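For reference, run.cif (mmCIF, C-alpha atoms):
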```
data_final
#
loop_
_atom_site.label_atom_id
_atom_site.label_comp_id
_atom_site.auth_asym_id
_atom_site.auth_seq_id
_atom_site.Cartn_x
_atom_site.Cartn_y
_atom_site.Cartn_z
CA MET A 10 225.17 87.69 339.34
CA SER A 11 221.92 88.26 341.10
CA ILE A 12 219.10 85.82 340.54
CA THR A 13 215.64 86.15 342.05
CA VAL A 14 214.10 83.07 343.65
CA ARG A 15 210.38 83.06 344.39
CA ILE A 16 209.80 81.01 347.51
CA PRO A 17 206.66 78.86 347.68
CA LEU A 18 204.27 79.19 350.63
CA PHE A 19 205.44 75.98 352.27
CA LEU A 20 209.09 77.10 352.41
CA ARG A 21 208.58 80.69 353.54
CA LYS A 22 208.78 79.74 357.20
CA PHE A 23 212.43 78.93 356.51
CA THR A 24 213.15 82.29 354.86
CA GLY A 25 211.73 84.41 357.65
CA GLY A 26 208.56 84.89 355.64
CA GLN A 27 210.41 86.29 352.63
CA LYS A 28 208.58 85.57 349.41
CA VAL A 29 211.41 86.66 347.14
CA VAL A 30 215.10 86.04 347.81
CA GLU A 31 218.15 87.22 345.85
CA VAL A 32 220.82 84.56 345.31
CA GLU A 33 224.02 84.12 343.31
CA GLY A 34 225.10 81.37 340.94
CA LYS A 35 225.87 80.45 337.36
CA THR A 36 223.47 77.52 337.20
CA ILE A 37 220.13 76.68 338.75
CA GLY A 38 221.95 74.20 341.02
CA GLU A 39 224.39 76.86 342.26
CA CYS A 40 221.50 79.21 342.94
CA ILE A 41 219.71 76.59 345.00
CA GLU A 42 222.92 75.88 346.93
CA ASN A 43 223.27 79.60 347.62
CA LEU A 44 219.68 79.69 348.82
CA GLU A 45 220.43 76.79 351.16
CA PHE A 46 223.56 78.56 352.40
CA LYS A 47 221.52 81.65 353.26
CA PHE A 48 218.67 79.67 354.80
CA PRO A 49 220.09 76.32 356.03
CA GLU A 50 216.73 75.08 357.34
CA ILE A 51 215.36 75.02 353.82
CA LYS A 52 217.75 72.28 352.69
CA LYS A 53 216.14 69.35 354.44
CA ASN A 54 212.82 70.32 352.90
CA LEU A 55 214.27 70.53 349.41
CA ARG A 56 216.55 67.49 349.38
CA ASP A 57 216.52 63.89 350.48
CA LYS A 58 219.22 62.21 352.57
CA GLU A 59 221.30 61.56 349.45
CA GLY A 60 221.17 65.26 348.58
CA ALA A 61 218.86 64.90 345.58
CA LEU A 62 215.99 67.35 345.20
CA TYR A 63 212.72 65.75 346.21
CA ASN A 64 210.79 65.06 343.04
CA PHE A 65 207.75 66.92 344.26
CA TRP A 66 209.66 70.15 343.62
CA ASN A 67 209.76 71.57 340.13
CA ILE A 68 212.07 74.47 339.36
CA TYR A 69 211.17 76.88 336.58
CA LEU A 70 213.46 79.47 335.02
CA ASN A 71 211.75 82.67 333.88
CA SER A 72 208.37 80.90 333.97
CA ALA A 73 209.56 78.05 331.75
CA SER A 74 210.45 74.49 332.59
CA SER A 75 214.12 73.83 333.35
CA TYR A 76 213.78 70.37 331.78
CA PRO A 77 215.88 68.58 330.60
CA GLU A 78 219.00 70.32 332.00
CA GLY A 79 217.48 70.80 335.43
CA LEU A 80 220.01 71.94 338.02
CA SER A 81 222.80 72.25 335.42
CA LYS A 82 220.87 74.79 333.38
CA PRO A 83 222.81 78.09 333.17
CA VAL A 84 221.31 81.28 334.54
CA LYS A 85 222.16 84.93 333.93
CA ASP A 86 221.90 88.15 335.87
CA GLY A 87 218.28 89.18 336.36
CA ASP A 88 216.80 85.73 335.83
CA GLU A 89 213.97 84.51 338.03
CA LEU A 90 213.59 81.03 339.49
CA ASN A 91 210.30 79.63 340.71
CA ILE A 92 210.21 76.67 343.05
CA ILE A 93 206.83 75.03 342.54
CA ALA A 94 205.48 72.19 344.63
CA LEU A 95 203.61 69.31 343.09
CA ILE A 96 200.17 69.15 344.68
CA ALA A 97 197.74 66.31 344.31
CA GLY A 98 194.58 66.98 346.31
CA GLY A 99 191.15 67.05 344.80
CA MET B 6 167.06 74.45 321.01
CA GLY B 7 164.09 72.38 322.10
CA THR B 8 161.64 74.11 324.38
CA GLY B 9 160.98 77.67 325.47
CA ASP B 10 161.98 76.60 328.96
CA GLU B 11 165.44 75.74 327.73
CA LEU B 12 165.83 79.14 326.09
CA LEU B 13 164.78 80.79 329.32
CA ARG B 14 166.99 78.64 331.52
CA TYR B 15 170.11 79.46 329.52
CA GLU B 16 169.09 82.97 328.46
CA ARG B 17 171.86 84.76 330.35
CA GLN B 18 174.65 82.67 328.86
CA ILE B 19 173.14 82.57 325.36
CA MET B 20 173.38 86.38 325.49
CA ILE B 21 177.18 86.21 325.82
CA ASP B 22 179.09 87.26 322.68
CA GLY B 23 180.49 84.19 320.97
CA PHE B 24 178.06 81.86 322.74
CA GLY B 25 174.52 82.11 321.36
CA ILE B 26 172.04 79.32 320.73
CA GLU B 27 174.69 77.55 318.70
CA GLY B 28 176.98 77.39 321.73
CA GLN B 29 174.16 76.13 323.89
CA GLU B 30 173.41 73.40 321.37
CA LYS B 31 177.06 72.32 321.51
CA LEU B 32 176.85 72.05 325.30
CA LYS B 33 173.69 69.98 324.98
CA MET B 34 175.41 67.56 322.61
CA ALA B 35 178.57 67.26 324.74
CA LYS B 36 179.53 64.17 326.73
CA VAL B 37 181.96 64.73 329.59
CA VAL B 38 183.62 62.31 331.99
CA ILE B 39 184.32 63.73 335.44
CA ALA B 40 186.84 61.52 337.23
CA GLY B 41 186.36 62.09 340.95
CA ALA B 42 183.33 63.30 342.89
CA GLY B 43 185.15 65.09 345.72
CA GLY B 44 186.00 68.76 346.22
CA LEU B 45 186.92 69.45 342.61
CA GLY B 46 184.42 67.04 341.07
CA GLY B 47 181.55 68.51 343.06
CA ILE B 48 182.14 72.06 341.83
CA ILE B 49 182.89 70.95 338.28
CA SER B 50 179.78 68.79 338.02
CA ILE B 51 177.50 71.47 339.48
CA TYR B 52 178.66 74.10 336.99
CA LEU B 53 178.67 71.77 333.99
CA VAL B 54 175.18 70.51 334.76
CA THR B 55 173.79 73.99 335.34
CA ALA B 56 175.45 75.18 332.11
CA GLY B 57 173.51 72.51 330.23
CA ILE B 58 176.08 69.84 329.35
CA GLY B 59 174.04 67.03 327.77
CA LYS B 60 175.66 64.02 329.36
CA ILE B 61 177.99 63.61 332.32
CA ARG B 62 179.56 60.42 333.56
CA LEU B 63 180.68 60.90 337.16
CA ILE B 64 183.12 58.29 338.48
CA ASP B 65 184.11 57.72 342.11
CA TYR B 66 184.37 54.55 344.21
CA ASP B 67 184.01 56.21 347.60
CA HIS B 68 181.40 56.78 350.31
CA VAL B 69 180.66 60.11 351.97
CA GLU B 70 182.64 60.73 355.19
CA LEU B 71 182.35 63.49 357.77
CA SER B 72 185.84 64.73 356.92
CA ASN B 73 184.68 65.38 353.32
CA LEU B 74 182.13 67.98 354.30
CA ASN B 75 184.44 71.00 354.63
CA ARG B 76 184.88 71.06 350.85
CA GLN B 77 182.68 68.52 349.04
CA ILE B 78 179.57 70.60 348.63
CA LEU B 79 177.43 67.96 346.91
CA TYR B 80 177.06 66.21 350.26
CA ALA B 81 175.53 66.90 353.67
CA ASP B 82 175.55 65.25 357.12
CA LYS B 83 172.59 63.07 356.16
CA ASP B 84 174.66 61.53 353.34
CA ILE B 85 177.46 60.16 355.52
CA GLY B 86 178.11 56.52 354.71
CA LYS B 87 176.23 56.66 351.40
CA ILE B 88 177.72 56.15 347.95
CA LYS B 89 179.05 59.47 346.69
CA VAL B 90 178.12 59.21 343.03
CA GLU B 91 174.56 58.21 343.84
CA ILE B 92 174.05 61.20 346.14
CA ALA B 93 175.76 63.39 343.56
CA ARG B 94 173.50 62.19 340.74
CA GLU B 95 170.36 63.03 342.73
CA LYS B 96 171.67 66.45 343.66
CA LEU B 97 172.72 67.21 340.08
CA LYS B 98 169.39 66.01 338.68
CA SER B 99 167.64 68.40 341.06
CA LEU B 100 169.75 71.25 339.65
CA ASN B 101 168.99 70.51 336.01
CA LYS B 102 166.70 67.67 334.97
CA ASP B 103 167.72 68.03 331.31
CA SER B 104 171.31 67.01 331.94
CA GLN B 105 171.87 63.23 331.97
CA VAL B 106 174.12 62.20 334.83
CA GLU B 107 175.48 58.69 334.92
CA ALA B 108 176.92 57.60 338.27
CA ILE B 109 179.72 55.02 338.13
CA LYS B 110 180.92 53.60 341.44
CA GLU B 111 184.27 52.22 340.40
CA THR B 112 187.96 52.69 340.99
CA ILE B 113 189.64 53.87 337.80
CA THR B 114 192.36 51.41 336.78
CA GLU B 115 194.52 50.63 333.76
CA ASP B 116 192.14 47.75 333.05
CA ASN B 117 188.81 49.60 333.04
CA VAL B 118 189.73 53.13 331.96
CA LEU B 119 189.17 52.58 328.23
CA LYS B 120 185.67 51.33 328.92
CA LEU B 121 184.98 54.18 331.35
CA VAL B 122 185.79 56.93 328.83
CA ASP B 123 184.46 55.18 325.74
CA GLY B 124 182.10 57.37 323.73
CA TYR B 125 182.93 60.53 325.68
CA ASP B 126 184.40 63.76 324.27
CA LEU B 127 186.30 65.19 327.22
CA ILE B 128 187.82 64.04 330.52
CA VAL B 129 188.01 66.22 333.61
CA ASP B 130 190.69 65.26 336.12
CA ALA B 131 189.17 65.80 339.56
CA MET B 132 191.20 63.10 341.26
CA ASP B 133 193.05 63.30 344.58
CA ASN B 134 196.11 61.26 343.56
CA PHE B 135 198.64 61.19 340.76
CA SER B 136 198.62 57.49 340.02
CA THR B 137 195.03 57.75 338.75
CA ARG B 138 195.75 61.07 337.07
CA PHE B 139 198.47 59.35 335.03
CA ILE B 140 196.04 56.59 334.03
CA LEU B 141 193.63 59.27 332.79
CA ASN B 142 196.46 61.09 331.03
CA LYS B 143 197.53 57.94 329.23
CA VAL B 144 194.05 57.16 327.95
CA ALA B 145 193.49 60.81 326.98
CA VAL B 146 196.66 60.71 324.87
CA GLN B 147 195.79 57.30 323.44
CA LYS B 148 192.31 58.43 322.36
CA LYS B 149 193.30 62.07 321.73
CA ILE B 150 190.68 63.30 324.17
CA PRO B 151 191.28 66.67 325.89
CA LEU B 152 192.05 66.37 329.61
CA PHE B 153 191.33 69.19 332.05
CA HIS B 154 193.75 68.94 334.97
CA GLY B 155 193.28 70.48 338.38
CA ALA B 156 194.79 69.88 341.83
CA VAL B 157 194.64 71.59 345.23
CA ARG B 158 196.39 71.68 348.57
CA ASP B 159 196.07 74.09 351.49
CA PHE B 160 195.06 77.44 349.94
CA GLU B 161 196.82 76.56 346.67
CA GLY B 162 195.81 75.17 343.31
CA ARG B 163 197.07 74.18 339.87
CA ALA B 164 195.25 73.89 336.57
CA THR B 165 196.09 73.28 332.93
CA THR B 166 194.25 72.14 329.84
CA ILE B 167 195.82 69.27 327.93
CA VAL B 168 195.02 68.76 324.26
CA PRO B 169 196.97 65.68 323.13
CA GLY B 170 199.21 66.45 320.16
CA GLN B 171 198.95 70.19 320.74
CA THR B 172 200.14 70.60 324.31
CA PRO B 173 202.41 68.82 326.78
CA CYS B 174 200.68 65.94 328.54
CA LEU B 175 200.61 65.44 332.30
CA ASN B 176 203.56 63.09 332.09
CA CYS B 177 205.59 65.80 330.25
CA LEU B 178 204.79 68.15 333.07
CA TYR B 179 205.63 65.73 335.87
CA PRO B 180 208.01 63.08 334.50
CA GLN B 181 209.10 61.90 337.93
CA ILE B 182 207.01 62.25 341.05
CA SER B 183 206.39 60.61 344.35
CA GLU B 184 202.79 60.52 345.48
CA PRO B 185 202.13 63.04 348.25
CA GLY B 186 200.04 61.84 351.21
CA ILE B 187 196.69 63.19 352.36
CA SER B 188 196.39 66.84 351.38
CA PRO B 189 195.25 69.50 353.82
CA VAL B 190 192.78 71.78 352.03
CA ILE B 191 190.31 74.59 352.62
CA GLY B 192 187.05 74.24 350.67
CA VAL B 193 187.46 77.44 348.68
CA ALA B 194 190.60 76.08 346.97
CA PRO B 195 188.78 73.34 345.02
CA ALA B 196 185.93 75.82 344.49
CA ILE B 197 188.29 78.12 342.59
CA ILE B 198 190.25 75.47 340.71
CA GLY B 199 187.12 73.42 339.92
CA SER B 200 185.45 76.56 338.55
CA ILE B 201 188.48 77.17 336.34
CA GLN B 202 188.34 73.59 335.06
CA ALA B 203 184.61 73.91 334.34
CA THR B 204 185.23 77.22 332.56
CA GLU B 205 187.82 75.53 330.36
CA VAL B 206 185.44 72.69 329.51
CA ILE B 207 182.67 75.12 328.54
CA LYS B 208 185.05 77.26 326.44
CA HIS B 209 186.41 74.19 324.68
CA ILE B 210 182.96 72.90 323.79
CA VAL B 211 181.53 76.25 322.73
CA GLY B 212 184.75 77.20 320.91
CA THR B 213 185.24 80.58 322.51
CA GLY B 214 188.08 82.33 324.31
CA VAL B 215 191.68 81.21 324.81
CA LEU B 216 192.27 77.91 326.55
CA LEU B 217 194.68 77.32 329.42
CA THR B 218 196.90 75.29 327.11
CA ASN B 219 200.70 75.15 327.29
CA ARG B 220 200.41 77.01 330.59
CA LEU B 221 200.24 75.81 334.18
CA LEU B 222 198.16 78.13 336.33
CA ILE B 223 199.44 78.47 339.89
CA TYR B 224 196.90 79.81 342.36
CA ASP B 225 198.03 81.05 345.77
CA GLY B 226 194.97 81.85 347.85
CA LEU B 227 196.90 83.10 350.87
CA ASP B 228 198.59 85.90 348.93
CA MET B 229 195.71 85.96 346.44
CA GLU B 230 197.96 85.67 343.43
CA PHE B 231 197.64 83.88 340.14
CA MET B 232 200.85 83.04 338.31
CA GLU B 233 201.47 81.22 335.06
CA ILE B 234 204.29 78.92 334.06
CA GLN B 235 204.88 78.23 330.37
CA ILE B 236 205.05 74.48 329.94
CA LYS B 237 206.62 72.61 327.07
CA ARG B 238 206.36 69.07 325.86
CA ASN B 239 209.02 66.65 326.97
CA PRO B 240 210.62 65.21 323.82
CA ASP B 241 211.45 62.07 325.79
CA CYS B 242 207.92 61.67 327.20
CA LYS B 243 207.10 57.99 327.16
CA VAL B 244 203.37 58.71 327.00
CA CYS B 245 202.89 61.25 324.20
CA TYR B 246 206.10 61.23 322.11
CA HIS B 247 204.40 59.35 319.25
CA LEU B 248 201.92 62.18 318.71
CA TRP B 249 204.78 64.50 317.83
CA GLU B 250 206.93 62.26 315.64
CA SER B 251 205.14 63.21 312.44
CA LYS B 252 205.47 66.91 313.27
CA ILE B 253 209.24 66.93 313.79
#
```
Render the structure in this file as structure tokens.
Amino acid sequence: MSITVRIPLFLRKFTGGQKVVEVEGKTIGECIENLEFKFPEIKKNLRDKEGALYNFWNIYLNSASSYPEGLSKPVKDGDELNIIALIAGG
Amino acid sequence: MGTGDELLRYERQIMIDGFGIEGQEKLKMAKVVIAGAGGLGGIISIYLVTAGIGKIRLIDYDHVELSNLNRQILYADKDIGKIKVEIAREKLKSLNKDSQVEAIKETITEDNVLKLVDGYDLIVDAMDNFSTRFILNKVAVQKKIPLFHGAVRDFEGRATTIVPGQTPCLNCLYPQISEPGISPVIGVAPAIIGSIQATEVIKHIVGTGVLLTNRLLIYDGLDMEFMEIQIKRNPDCKVCYHLWESKI
């Protein structure tokens, strides 16, 4: 299954500048793990030392919130994930 | 409308379909709280005052610093060290004497927020931190006052319009966050997001167009892209769940 992940500006330096990456997985969590496998440097910017996603990242599936399932939410071929950073400046 | 001067001042916007003198009267009667007089708050207040909003309450506790001047366009070198909201009030009065601008030099807290928004129709979130944004969100939900959210970092921005009981609230959108530190930002980012927030306020008051409700606008200035995320209420939201109970 091929899932498209749109990479936010801040993480593109870890994907060689790629804005869109194709990954595989049956859930959002598996897709993120596959992204980390392809681009290992991205992991420490996505997860804390315990392996949990930093809570300033929000992951959206096909432009809709993945809440409440989050990483366990199933995905299907052709789906698109967006990793969106929380920003706070004013 | 009152005087011929007013008609002339607002002539170009009164001409807009769906606006008219009636829309201008609504702006004149409106009372808007702008929370934050920084990069976002500066742009928002300038455009709301020049559009003819009747009464604005601008809240910020801070003084002008040199590091503000790349993006906070209400202020200049001569203002460094002075109280932001006082400088802002003078600048805004010089732009439109008919708009009443009240300057409040206070930190927004759980204890004073009810008093700070009392009697006002709308709240604009122009803060630089989420802890205060959540205080504003809570009082907006409590009093069912629309909240216009905006945030910036680097060349990026976010915006959404929250109408309690009709849209997700800020806590639905971000149920768990850790407060980011100081945000790097280029001045044009708050210029764009602040303009979007001001547009939303004007549309809401006049009653025209389609609001940025149930959608989070993602602005990426480096790639010059706008993207939208559909946002939904969180049924477990501890802030706004009670507004939905009667609708389920």
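Among B:Glu184, B:Asp10, B:Asp65, B:Glu205, the residue with the shortest atom-to-atom distance to chain A, counting only C-alpha atoms, is B:Glu184.
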Problem set entry | Test item: chain A residues at most 12 Å from chain B, counting only C-alpha atoms, as a PyMOL selection string | chain A and resi 15-19+28+62-78+89-99
Problem set entry | Residues near segment 78-81 of chain B, cut-off 10 Å, all atoms listed in the file, skip fewer than 2 positions along chain, as a PyMOL selection string | chain B and resi 42-48+50-51+69-71+73-76+83-85+87+89-90+92-97+192+196
Exercise. Using the chain letters and numbers from the file, which residues does the PyMOL selection byres ((chain A and resi 39-47) around 10) grab, as number ranges by chain?
Worked result: A: 10-14, 23-24, 30-38, 48-53, 55, 62, 68, 80-84, 90, 92
Just want the 8 Å neighbourhood of Glu107 of chain B, counted on all atoms listed in the file, with same-chain residues fewer than 2 positions away dropped. Output as a short mmCIF file (atom, residue, chain, number, x, y, z; two decimals) with C-alpha atoms, in the frame of the given file.
```cif
data_model
loop_
_atom_site.label_atom_id
_atom_site.label_comp_id
_atom_site.auth_asym_id
_atom_site.auth_seq_id
_atom_site.Cartn_x
_atom_site.Cartn_y
_atom_site.Cartn_z
CA LYS B 60 175.66 64.02 329.36
CA ILE B 61 177.99 63.61 332.32
CA ARG B 62 179.56 60.42 333.56
CA LEU B 63 180.68 60.90 337.16
CA ARG B 94 173.50 62.19 340.74
CA GLN B 105 171.87 63.23 331.97
CA ILE B 109 179.72 55.02 338.13
#
```
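Atom CA of Ile64 of chain B lies 23.9 Å from atom CA of Val211 of chain B.
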The PyMOL selection byres ((chain B and resi 22-37) around 10) - which residues does that actually catch in the file I just gave you? List them as a CSV table (one decimal) with C-alpha atoms, in the frame of the given file.
```csv
chain,number,residue,atom,x,y,z
B,6,MET,CA,167.1,74.4,321.0
B,7,GLY,CA,164.1,72.4,322.1
B,11,GLU,CA,165.4,75.7,327.7
B,12,LEU,CA,165.8,79.1,326.1
B,15,TYR,CA,170.1,79.5,329.5
B,16,GLU,CA,169.1,83.0,328.5
B,17,ARG,CA,171.9,84.8,330.4
B,18,GLN,CA,174.6,82.7,328.9
B,19,ILE,CA,173.1,82.6,325.4
B,20,MET,CA,173.4,86.4,325.5
B,21,ILE,CA,177.2,86.2,325.8
B,38,VAL,CA,183.6,62.3,332.0
B,39,ILE,CA,184.3,63.7,335.4
B,40,ALA,CA,186.8,61.5,337.2
B,50,SER,CA,179.8,68.8,338.0
B,53,LEU,CA,178.7,71.8,334.0
B,54,VAL,CA,175.2,70.5,334.8
B,56,ALA,CA,175.4,75.2,332.1
B,57,GLY,CA,173.5,72.5,330.2
B,58,ILE,CA,176.1,69.8,329.4
B,59,GLY,CA,174.0,67.0,327.8
B,60,LYS,CA,175.7,64.0,329.4
B,61,ILE,CA,178.0,63.6,332.3
B,62,ARG,CA,179.6,60.4,333.6
B,63,LEU,CA,180.7,60.9,337.2
B,103,ASP,CA,167.7,68.0,331.3
B,104,SER,CA,171.3,67.0,331.9
B,105,GLN,CA,171.9,63.2,332.0
B,106,VAL,CA,174.1,62.2,334.8
B,122,VAL,CA,185.8,56.9,328.8
B,124,GLY,CA,182.1,57.4,323.7
B,125,TYR,CA,182.9,60.5,325.7
B,126,ASP,CA,184.4,63.8,324.3
B,127,LEU,CA,186.3,65.2,327.2
B,128,ILE,CA,187.8,64.0,330.5
B,129,VAL,CA,188.0,66.2,333.6
B,206,VAL,CA,185.4,72.7,329.5
B,207,ILE,CA,182.7,75.1,328.5
B,208,LYS,CA,185.0,77.3,326.4
B,209,HIS,CA,186.4,74.2,324.7
B,210,ILE,CA,183.0,72.9,323.8
B,211,VAL,CA,181.5,76.2,322.7
B,212,GLY,CA,184.8,77.2,320.9
B,213,THR,CA,185.2,80.6,322.5
B,214,GLY,CA,188.1,82.3,324.3
```
Exercise. How would you write, as a list in words, the residues chosen by the PyMOL selection byres ((chain B and resi 244) around 8) on this structure?
Worked result: Lys143, Val146, Cys174, Asn176, Cys242, Lys243, Cys245, Tyr246 and His247 of chain B
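A straight line drawn from atom CA of Ala61 of chain A to atom CA of Gly79 of chain A is 11.8 Å long.
What separates atom CA of Lys102 of chain B from atom CA of Asn117 of chain B is a distance of 28.6 Å.
Comparing B:Val193, B:Thr137, B:Ile88, B:Thr55 by their smallest distance to Asn101 of chain B, the closest is B:Thr55 (using all atoms listed in the file).
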